[in-house]
Amino acid sequence: MDAVTQPPVIRLHPDDAVGIARMALPPGTPVGAGIAALRRVPAGHKVALRPIAQGEPIRRYGQVIGFATRDLPPGEWVHVAECSMGEVALDYAYGVDARPTEYVAAPRTFQGIRRADGRVATRNYVGIITSVNCSAHVAELIAMAFRRNPITGEDPLAPWPNVDGIVALTHKTGCGMTMGEPLRLLRRTLGGYARHANFSHVVAIGLGCEVNELAPMLEEGRLSGRVRSMDIQEMGGTRKTVEAGIAFVREVLDEANRVAREPVPASELTVALQCGGSDGYSGITANPALGVASDLLVRNGGTVILSETPETYGAEHLLTRRAVSREVGEKLVGLMRWWEEYTAREGAEMNANPSPGNKAGGLTTILEKSLGAMAKAGTTNLVDVFRYAEPVSARGFVFMDTPGYDPVAATGQVAGGANLVCFTTGRGSVFGCKPAPSIKLATNSAMYVRMEDDMDINCGTVLTGEESLEACGARVFETMLAVAGGERTKSEGFDFGGAEFAPWVIGATM
């Protein structure tokens, strides 16, 4: 279907009093029967399709996204000044929509790397983790010795073509922190990366006097014997530690290179679902298309992880209805209560999200953003809820507690075992997440064309009518299998993914 034939406004549900502008609407543009835009409505923004009284709930997706701050005539632009937060009564109705999953008779496969312990990798890296910021530069110096020279093209890893790279995962914490939950959370995150199937070998670099000492960290994470460790102070300083680290990598490269891809079932995929730089189209195109792909993966026995708890706030009742048990549903609701208390304690509010870029793209309240964001998880049952960076031990659709900030959220998901990331964006986020490859999905064609070097999939075809959601979602699923099997993503071409490692920092910095 040609894009020109599409109506200028999208109405997503019969109960919605607003429509979404398919393109920028000049004043006078017809938006409904006998209704014209009263002023310019930017692309992706909302326009009133009937009179909306002051204080009346404003609905999108058939759900309340806020309340009218004044009387709104038909054709009025409805944005942050016209739509405010308010009290919304949510019916959690635990499990009422849970249904048996219809698994496919012949599951799909991808070309994965089977490790000796039976786990499956989608990439093959050697990792360098750091216990503390004080060892970050040393870790970087070790990794730098194996990086391709962008000027000469010389590649130190050329003799080992099956090794995807040497990754230094550095961070800004590890000391000046309390011994309770902040330290446990950091160790859980580092342990998840150290055990990740996409690392063939790992070395841990510490300073020697930090709160997050290497020996207890490795013992707590059951990493002793799997991870080589080096303390800068015990090794005799920077130079000696860098030399020892480089020697370790050279020692393991031959073994790391002895891998071969083979057909493995799609059930071995665990996909982190992310959205960042969202716009008014995110909940119409890329997010629900990813939801279709998520359903396909779950029906093939795989796992998808929805996260970003503050960006699920106000939409959690649609997930509790899909929970396999009341206990699972109450875990999710408990997270929402914790976040309410946390933001109140910090003098903030949940509606501090959406970001300025989200609002420029057409979103108003966190309720609207959450309703669009949750579409990434498709329609299958919510089978479990996990803490940040906790190993994901269930298959199917699961939820992990994380902040909404994309690097921190994705870091937790990968620590939990995600071996692939799918990241939707409407504004144009650039992102990678080593050691897991990251697929970027654009919500609209204009941004995809403008940033084609960074975007893997254009979901704007749904907006123009060139493609159905189901067809776009099937295309996303095929890309998942191809990338998991070794096809490189745009972010991998730019070597994204090391700097984006960002463990969640909670508690006081001492």
# chains A, B, ... in the order shown; residues from 1 in each chain; ligands from 1

$ select_by_dssp --residues "segment 187-414 of chain A" --states "helix (DSSP H, G or I)" --output "MDAnalysis selection string"
chainID A and resid 187:194 214:220 232:235 238:257 266:268 286:299 309:311 316:320 326:345 350:352 356:360 366:377 406:414

$ residues_around --residues "segment 33-45 of chain A" --least-positions-apart "6" --cutoff "10 Å" --atoms "only C-alpha atoms" --output "ChimeraX atom specification"
/A:8-10,18-27,73-79,279-282,284,359-364,426,444

$ atom_distance --atom1 "atom CA of Cys472 of chain A" --atom2 "atom CA of Ile113 of chain A"
27.5 Å

$ residues_around --residues "Cys275 of chain A" --least-positions-apart "2" --cutoff "9 Å" --atoms "only C-alpha atoms" --output "PyMOL selection string"
chain A and resi 273+277-278+282+287+308+373+376+406+422-426+429+441

$ write_last_selection --atoms "C-alpha atoms" --output "PDB file, in the first residue's frame"
ATOM      1  CA  LEU A 273      14.320  -6.184  25.110  1.00  0.00           C
ATOM      2  CA  GLY A 277      15.088   7.572  22.579  1.00  0.00           C
ATOM      3  CA  SER A 278      11.395   6.673  22.144  1.00  0.00           C
ATOM      4  CA  SER A 282       7.437   3.525  19.290  1.00  0.00           C
ATOM      5  CA  ASN A 287       7.800  -2.040  19.935  1.00  0.00           C
ATOM      6  CA  GLU A 308      13.124  -0.851  32.766  1.00  0.00           C
ATOM      7  CA  ALA A 373       7.194   0.161  25.938  1.00  0.00           C
ATOM      8  CA  LYS A 376       8.029  -5.274  23.176  1.00  0.00           C
ATOM      9  CA  ASP A 406      19.303   2.027  28.816  1.00  0.00           C
ATOM     10  CA  CYS A 422      17.007  -5.950  20.559  1.00  0.00           C
ATOM     11  CA  PHE A 423      16.860  -2.169  20.965  1.00  0.00           C
ATOM     12  CA  THR A 424      14.055  -0.026  19.528  1.00  0.00           C
ATOM     13  CA  THR A 425      14.445   3.718  19.050  1.00  0.00           C
ATOM     14  CA  GLY A 426      12.488   6.577  17.534  1.00  0.00           C
ATOM     15  CA  SER A 429      19.899   5.991  20.000  1.00  0.00           C
ATOM     16  CA  LEU A 441      15.082  -1.165  15.319  1.00  0.00           C
TER      17      LEU A 441
END

$ closest_residue --among "A:Val271, A:Val414, A:Leu367, A:Ala474" --to "Val398 of chain A" --atoms "only C-alpha atoms"
A:Val271
